[in-house]
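Worksheet: one structure, shown below.
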Amino acid sequence: MSAGRSALPREQVRSRRRHLVPYLVMLPALLFLLAVSIVPLVYSLVVSLLRFNLMNLDRTGFVGLRNFQLILESPDFWNSLRVTALFVVIAVGLELVLGLALALVLSRDVPGIGFFRSFILVPLALAPVVVGLLWRFMLNTESGVLNWIVTLFGLPRLDFLSNTLLALPIIALVDVWQWTPFMFLILLAAIQALPHEPFEAAAIDGASTWETIVHIALPMLRYPILVAVLLRTIDAFRVYDLIFMMTRGGPINATDTLSWSVYNVGFRNFNMGYAAALSWIILIIVTVIVTIFIRLLSGRGEQPA
Amino acid sequence: MTGTHGDHGNRAQGLGETRISRRRMLKHAGAAGALATAGRPLLAAGGAALGSSLATPAVSRAQDGITLRGIFLPATWGTVTQEVLAPEYTAQTGVNVVIDLIGRDAIHDRMGTLFVAQDSSYDIFNVDYNWVPEFARAGHLLAMDDLLSAPEMAGDDFLPRALDVARWEGVLYGIPQTVHPHILWYRKDLFEEAGLEPPATMQEWREIVEQFQGQTFGDQEVYGWAAQAARGFGNVHTWLTFLYSFGGSTFNFETMEPTLTTPEATEATAFWADMMRFTPPGINDYTYDEVTADAAAGRIATCLQWSWGAFAVDDPSISKTVGLWEFVKVPAGTASVPHLAEWVIAVSNYSQQQEEALKFIQWLESPENDVRQALLGGGDPVRASSYENPELTEATVEGFPGLLRFRRYPETLEAMQTTQPRPLFPEEERWEQVVSVPLHAIQLGEMTVEEGLAKAQDDVNRMMQELGYF
Amino acid sequence: MFTVGKPSPGVIVFTYAAGVLALLLFMFPIFWMVLTSFKTTVQAFSSVPVLFFTPTLENYREVLVDRGFIGYIRNSLFIGLLSTLLTLALAVTVAYPLARYSLRGERQIVSWILSLRIIPPIVSVIPLYIIFSNIGLVDQYPALVIMYTFMNLPLAVWMLRGFFAEIPRELEEAALVDGSTPLGSFFRIVLPLVAPGLVATGMLALIFCWNEFLFANVLTAARTRTAPVGLTEYATPVSVLWTQIMAAGTVVVVPVLTVGVVIQRFLVRGLALGAVKG
């Protein structure tokens, strides 16, 4: 399909009919989405106000905001929040830098470039569960291939995943490995869609490649970059599979992310009231972050494009 | 529900109450709950139709007979049950027994989520005994006192401490399948070469591991000792043997107040933390596997390890130290009190084939099969008679005449006289998680012994308070 | 892009070098997994990596035959396909009207649908598990089919709206002039044209279902256990069967990669369209 067809403005070819029919057609799907999103959230809000342990139903009762109070007083919650924030910043930050660099380099049309572009995307398709186990195996202190590489440089073998300083950054790096291709994908498409004229003008002016990137390309890429960072932030914030497979929150509590905490409280301690309250706090945090991003995004009209 | 089990009627009543209170809870939860309940017949019908139309081989029910389904641990007692004993039972009785093997933590979580849904797809569970109070209090497990007192079960023969940990409020909820208290493993050849005797006290052991640490025997560098130390149950289990052997305790069981900052607890923890200096690199990630691998590779001089695991070091295909390990009881602080590890077999209260499940368990844990499990390479026996059975006591390692295969048994049996379990209360699994974290911080040097114990004490206090103990 | 005209030889060499390096970094772990899956435990745990060895199929036999992994894969496929079909059917009913008609409240509907992607799964899984366990849906196929359809629907609507919008309105109008009903022209004209988009969207949804773990872990057991859940159950605190895990991992990953490479062209376009054009 050519890009030309999509350029047709919809308004011109679209009739102004305002039937009820389109709404009726959409209704079942919208009702389904509403049911599966709102019902659990409301239910969860109700549960969050209860003392409600599935293994001790006799003590079930209304406790008001007690669960929220317990969470905010708990050092574990603040630790999880810090761990999650650190994870998101390291992972998404590196993914942006690497993905952008890769997209800029591989956006050049040289023969056979499609081959590279395709295979770089492979990690995206892997189950995070497999990724976590695979990296844990490669990071093993005694027999991991990565530790063998470390010894080639004359260094001692490292306990990557039981080192309090290394464990979280290492898991973030695994996330970087899997999701940098996503940044690359979005940003490559964005770069390829850029108009040629500004770059031709810059070449005539004798601008260096670096100047061209910083002063011309990056400002025009502002919107796709924000979208990509937003999508990755939402995803990285919920990191769970990697933690489950690699460290289960350890060493000590260095990788105890918010999602892992909820799982632990909900499905290991069966303390559903507390887990529901904690998950609502997570939802609020995510909503705030997304709102900030959307503010940033809606400012795009002011940018030269 | 079967009417033949005396105490069972009461339990069923208790269960009924639990169900009612869940309904009540749903009413509390309001419209959402009502909606959920109303949708049940429709969705469940759809689910059943789908389920039956897509019978996978793994869950297909034998057309002409009964199929029991169980979850076991993928340790040797689970694999022996899955691969040898269950098929044998099927051949004898026509009852099909399908065993899934699932990791420890996953068994716990799966049991909880399935029990709450009153799921009947699994009948039998291999249970780490510390979960018995949690699931028994909630009414999810079938009482087994009648099974134990059945004449053909020879219930008196079970090791008393093995049975005690499977009880909650006086009712038995599990039949022991295997016990493995901590015992001290030591390399006889290295000790002889160094002119040392196996340690009887913690102090002696401490001196020995310091002496061995970093020594080279042949071309193998040796470390003083190893034990499970990974966060989770691993480091807690090892630490408990130190705590108990120095006279410490986890709780004041009268008040359920934690006793983690007592002088005994502090001394025990300080000793354990100090001992951690004489371990291999990477110790803070060690689970059962790493300890066994090091023992088999000849990298450690002693270790605190489950008794059962000794089979691995006598297997020439994976071990360089066949016949070189001997076993003594755990060194004494004030006394020798090893921590007890044990797995029991329990039946779901939601199983629709409880009688058949009990019959299978009775067969699996009969005196004869207790011995056979050991001979097949499963777990260590749970019956006193098995420890005297010449079939076991005189068995030798294949290809090594004169090397007694079960030479650990006298020490294991002795350990079963003094061993202590983890604290038995419904939230024990959570307690283990809570305590494990500051212990790990002590191991990694992020906290001093005093700071770590203070945090453990605080965290447990907060947890017990939240749970309404005081 | 940044070098107007033909790239210089230096630029070409640099581009290739970067490409090869990236390829090594992104492909090596997968290569290592596949390699390990053919090793014995002793070979896999050698402290110096073993590169040349006689491959064994023992791990695959253990995984697929002894541990019943084939059953889990069948569950994954069944749930994934059912959910994907449902997702596409529902997504079309939303995406087509949104793309074709100028509707009052269109912006609000679109942003509401997209905003559903924001809810972290861990937030929904707590109440949904309690609800499902009360209505007897735990370890039943509909539980995951519902969850996965919900999970994929927003993205599917988003992608399909782009594909529908690209189809010239004139084609449909021509069919209407020829006496076709709106529904008839939709099925005979629009749907065939958008088929590549449907395939791409469907495949993406299928991959997400195939890889999902959180819901599957909580909502499945004997009857409906999916491949990722079966896989994690190998990693037990008592013993981690690495070579078998690598075999099972390979089994989980290879079909996805095969499908991914085949449909990649459509996927890339579908995903990138929305992000670039908003």
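Residues in the structure tokens are numbered from 1 in each chain, the chains being A, B, ... in the order shown, and ligands are numbered from 1 in the order shown.
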
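Selecting chain A residues within 6 Å of chain B and counting only C-alpha atoms yields Tyr43, Val46, Met55, Asn56, Asp159, Ile252 and Arg268 of chain A.
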
Spatial neighbours of segment 204-208 of chain B, 12 Å, only C-alpha atoms, chain gap at least 2 places, as a count of residues only: 43

Chain C residues near chain B (10 Å cut-off, only C-alpha atoms) as a ChimeraX atom specification: /C:41-42,66-72,74-75,78,127-143,217-224,230,232-240

Check: which chain A residues lie within 7 Å of chain C using only C-alpha atoms, as a PyMOL selection string: chain A and resi 5-6+13-16+18+22+25-26+29+33+36+40-41+43-44+105-108+110+116+119-120+122-123+125-127+129-130+134+142-143+145+148+177+186+189-190+199-200+209+224+227+234+238+259+266+276+279-280+283

Output for the residues just chosen: N, CA and C atoms as a compact mmCIF listing (two decimals), in the first residue's frame:
```txt
# COMPACT_ATOMS: atom_id res chain seq x y z
N ARG A 5 -2.36 7.12 -0.47
CA ARG A 5 -3.79 6.98 -0.23
C ARG A 5 -4.20 7.48 1.16
N SER A 6 -3.34 7.20 2.10
CA SER A 6 -3.69 7.58 3.46
C SER A 6 -3.67 9.10 3.62
N VAL A 13 -14.00 12.87 1.95
CA VAL A 13 -14.65 11.70 1.36
C VAL A 13 -15.74 11.15 2.26
N ARG A 14 -15.97 11.82 3.36
CA ARG A 14 -16.88 11.24 4.33
C ARG A 14 -18.19 12.01 4.33
N SER A 15 -19.26 11.28 4.33
CA SER A 15 -20.55 11.96 4.39
C SER A 15 -20.80 12.43 5.81
N ARG A 16 -21.68 13.36 5.94
CA ARG A 16 -21.95 13.92 7.27
C ARG A 16 -23.13 13.24 7.94
N ARG A 18 -25.40 11.36 10.30
CA ARG A 18 -25.25 11.05 11.72
C ARG A 18 -26.29 10.00 12.10
N PRO A 22 -24.03 3.47 13.36
CA PRO A 22 -22.64 3.25 13.78
C PRO A 22 -22.51 3.05 15.29
N VAL A 25 -23.61 -0.38 16.20
CA VAL A 25 -22.60 -1.39 15.82
C VAL A 25 -21.48 -1.41 16.85
N MET A 26 -21.11 -0.24 17.33
CA MET A 26 -19.99 -0.17 18.28
C MET A 26 -20.38 -0.63 19.67
N ALA A 29 -19.03 -3.97 21.66
CA ALA A 29 -17.60 -3.92 21.99
C ALA A 29 -17.34 -2.91 23.09
N LEU A 33 -15.79 -3.58 26.82
CA LEU A 33 -14.64 -2.88 27.39
C LEU A 33 -15.00 -2.23 28.72
N VAL A 36 -15.40 -4.95 31.52
CA VAL A 36 -14.17 -5.59 32.00
C VAL A 36 -13.20 -4.56 32.61
N PRO A 40 -14.20 -4.35 37.54
CA PRO A 40 -13.11 -4.73 38.45
C PRO A 40 -12.57 -3.55 39.25
N LEU A 41 -12.49 -2.38 38.61
CA LEU A 41 -11.93 -1.23 39.34
C LEU A 41 -12.83 -0.84 40.51
N TYR A 43 -15.04 -2.77 42.00
CA TYR A 43 -14.98 -3.88 42.93
C TYR A 43 -13.72 -3.80 43.77
N SER A 44 -12.62 -3.49 43.09
CA SER A 44 -11.33 -3.38 43.77
C SER A 44 -11.35 -2.26 44.80
N VAL A 105 21.22 5.73 12.87
CA VAL A 105 22.27 5.09 12.07
C VAL A 105 21.66 4.22 10.98
N LEU A 106 20.67 3.42 11.36
CA LEU A 106 20.13 2.45 10.40
C LEU A 106 19.04 3.04 9.52
N SER A 107 18.81 4.37 9.64
CA SER A 107 17.83 4.97 8.74
C SER A 107 18.44 5.25 7.37
N ARG A 108 19.76 5.16 7.29
CA ARG A 108 20.41 5.37 5.99
C ARG A 108 20.07 4.22 5.06
N VAL A 110 21.22 1.94 2.81
CA VAL A 110 22.33 1.24 2.16
C VAL A 110 21.83 -0.14 1.79
N PHE A 116 19.12 -6.13 8.57
CA PHE A 116 19.47 -5.71 9.95
C PHE A 116 18.23 -5.21 10.68
N PHE A 119 15.99 -8.15 11.91
CA PHE A 119 16.43 -9.04 12.98
C PHE A 119 16.61 -8.33 14.31
N ILE A 120 16.80 -7.02 14.25
CA ILE A 120 16.89 -6.28 15.51
C ILE A 120 15.57 -6.35 16.27
N VAL A 122 13.67 -8.86 16.72
CA VAL A 122 13.34 -10.19 17.25
C VAL A 122 13.02 -10.22 18.75
N PRO A 123 13.81 -9.56 19.62
CA PRO A 123 13.52 -9.68 21.06
C PRO A 123 12.09 -9.27 21.42
N ALA A 125 9.37 -10.06 20.21
CA ALA A 125 8.35 -11.10 20.09
C ALA A 125 8.48 -12.16 21.19
N LEU A 126 9.54 -12.07 22.01
CA LEU A 126 9.76 -13.12 23.00
C LEU A 126 8.89 -12.93 24.24
N ALA A 127 8.46 -14.05 24.80
CA ALA A 127 7.72 -13.98 26.06
C ALA A 127 8.66 -13.47 27.15
N VAL A 129 8.68 -14.01 30.14
CA VAL A 129 9.03 -15.12 31.02
C VAL A 129 10.28 -15.84 30.51
N VAL A 130 10.32 -16.07 29.20
CA VAL A 130 11.47 -16.74 28.61
C VAL A 130 12.69 -15.84 28.73
N LEU A 134 16.06 -16.89 30.61
CA LEU A 134 17.24 -16.98 29.76
C LEU A 134 18.37 -16.13 30.31
N GLU A 142 28.49 -19.18 38.50
CA GLU A 142 29.49 -20.20 38.20
C GLU A 142 29.53 -20.60 36.73
N SER A 143 28.35 -20.74 36.12
CA SER A 143 28.33 -21.33 34.78
C SER A 143 27.74 -20.39 33.73
N VAL A 145 27.32 -17.72 30.87
CA VAL A 145 28.23 -17.34 29.80
C VAL A 145 28.68 -15.89 29.97
N TRP A 148 31.54 -15.81 32.22
CA TRP A 148 32.73 -16.29 31.54
C TRP A 148 33.37 -15.13 30.77
N TRP A 177 17.36 -4.66 26.72
CA TRP A 177 17.61 -5.60 25.63
C TRP A 177 16.33 -5.94 24.89
N ILE A 186 9.61 2.51 16.37
CA ILE A 186 8.80 3.73 16.30
C ILE A 186 9.61 4.88 15.73
N ALA A 189 10.48 4.63 11.95
CA ALA A 189 9.32 5.01 11.12
C ALA A 189 9.17 6.53 11.11
N ALA A 190 9.37 7.14 12.28
CA ALA A 190 9.23 8.60 12.36
C ALA A 190 10.29 9.29 11.52
N PHE A 199 16.67 19.00 5.45
CA PHE A 199 18.00 18.38 5.47
C PHE A 199 18.81 18.80 4.26
N GLU A 200 18.11 18.95 3.12
CA GLU A 200 18.82 19.43 1.92
C GLU A 200 19.33 20.85 2.16
N THR A 209 26.84 16.59 10.49
CA THR A 209 25.80 15.59 10.78
C THR A 209 25.23 15.82 12.17
N PRO A 224 6.91 11.90 18.22
CA PRO A 224 7.08 10.44 18.28
C PRO A 224 7.94 9.99 19.48
N VAL A 227 5.67 9.97 22.48
CA VAL A 227 4.73 8.85 22.43
C VAL A 227 5.44 7.56 22.81
N ILE A 234 4.63 3.37 30.59
CA ILE A 234 3.47 2.63 31.08
C ILE A 234 3.81 1.17 31.25
N ARG A 238 4.90 -1.51 35.00
CA ARG A 238 4.20 -2.71 35.48
C ARG A 238 5.11 -3.91 35.53
N SER A 259 4.48 -3.88 41.29
CA SER A 259 3.68 -4.99 40.78
C SER A 259 4.00 -6.27 41.54
N GLY A 266 -1.11 -10.20 47.44
CA GLY A 266 -2.38 -10.76 47.01
C GLY A 266 -2.38 -12.27 46.85
N ALA A 276 -5.61 -4.75 47.09
CA ALA A 276 -6.49 -3.90 46.29
C ALA A 276 -6.16 -2.42 46.55
N SER A 279 -2.99 -1.61 44.79
CA SER A 279 -3.14 -1.51 43.34
C SER A 279 -3.86 -0.20 42.97
N TRP A 280 -4.73 0.28 43.81
CA TRP A 280 -5.34 1.58 43.52
C TRP A 280 -4.32 2.72 43.61
N LEU A 283 -2.52 2.66 40.42
CA LEU A 283 -3.33 3.22 39.33
C LEU A 283 -3.29 4.75 39.36
```

Expected answer as a VMD selection string: alpha helix (DSSP H) residues in segment 80-160 of chain C: chain C and resid 80 to 100 106 to 115 121 to 134 141 to 160

Surrounding residues of Gly247 of chain B excluding itself and chain neighbours under 5 positions, 8 Å, only C-alpha atoms, as a PyMOL selection string: chain B and resi 264-265+333-335

Would you export the selected residues with N, CA and C atoms as a compact mmCIF listing (two decimals), in the first residue's frame, please?
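The new file part26.txt reads:
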```txt
# COMPACT_ATOMS: atom_id res chain seq x y z
N GLU B 264 19.75 -14.87 73.37
CA GLU B 264 20.01 -16.13 72.66
C GLU B 264 19.92 -15.91 71.15
N ALA B 265 18.87 -15.21 70.72
CA ALA B 265 18.69 -14.97 69.29
C ALA B 265 19.85 -14.14 68.74
N GLY B 333 25.13 -25.61 70.11
CA GLY B 333 25.45 -24.35 70.77
C GLY B 333 25.28 -24.62 72.24
N THR B 334 24.02 -24.54 72.70
CA THR B 334 23.71 -25.07 74.02
C THR B 334 23.19 -26.50 73.89
N ALA B 335 22.62 -26.81 72.74
CA ALA B 335 22.17 -28.17 72.44
C ALA B 335 22.16 -28.32 70.93
```

Å distance separating atom CA of Ala91 of chain A from atom CA of Ala172 of chain A, one decimal place: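 Taking atom CA of Ala91 of chain A as the start and atom CA of Ala172 of chain A as the end point, the length is 4.9 Å.
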
Straight-line distance linking atom CA of Phe215 of chain C with atom CA of Ser83 of chain C, stated in Å to one decimal: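 Interatomic distance, atom CA of Phe215 of chain C to atom CA of Ser83 of chain C: 13.8 Å.
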
Residue set, segment 18-267 of chain A restricted to strand (DSSP E), as a PyMOL selection string: chain A and resi 50-51+61-62

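Shortest atom-to-atom contact with Val449 of chain B among B:Glu356, B:Thr269, B:Phe425, B:Ala346: B:Thr269, counting only C-alpha atoms.
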
Neighbour list for Phe187 of chain C as a list in words, cut-off 12 Å, only C-alpha atoms, skip fewer than 6 positions in-chain: Val92, Tyr96, Glu172, Ala175, Ser180, Thr181, Leu193, Val194 and Ala195 of chain C

Separation of atom CA of Arg299 of chain B from atom CA of Glu221 of chain B, in Å and rounded to one decimal: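 Rounded to one decimal, the two atoms are 6.4 Å apart.
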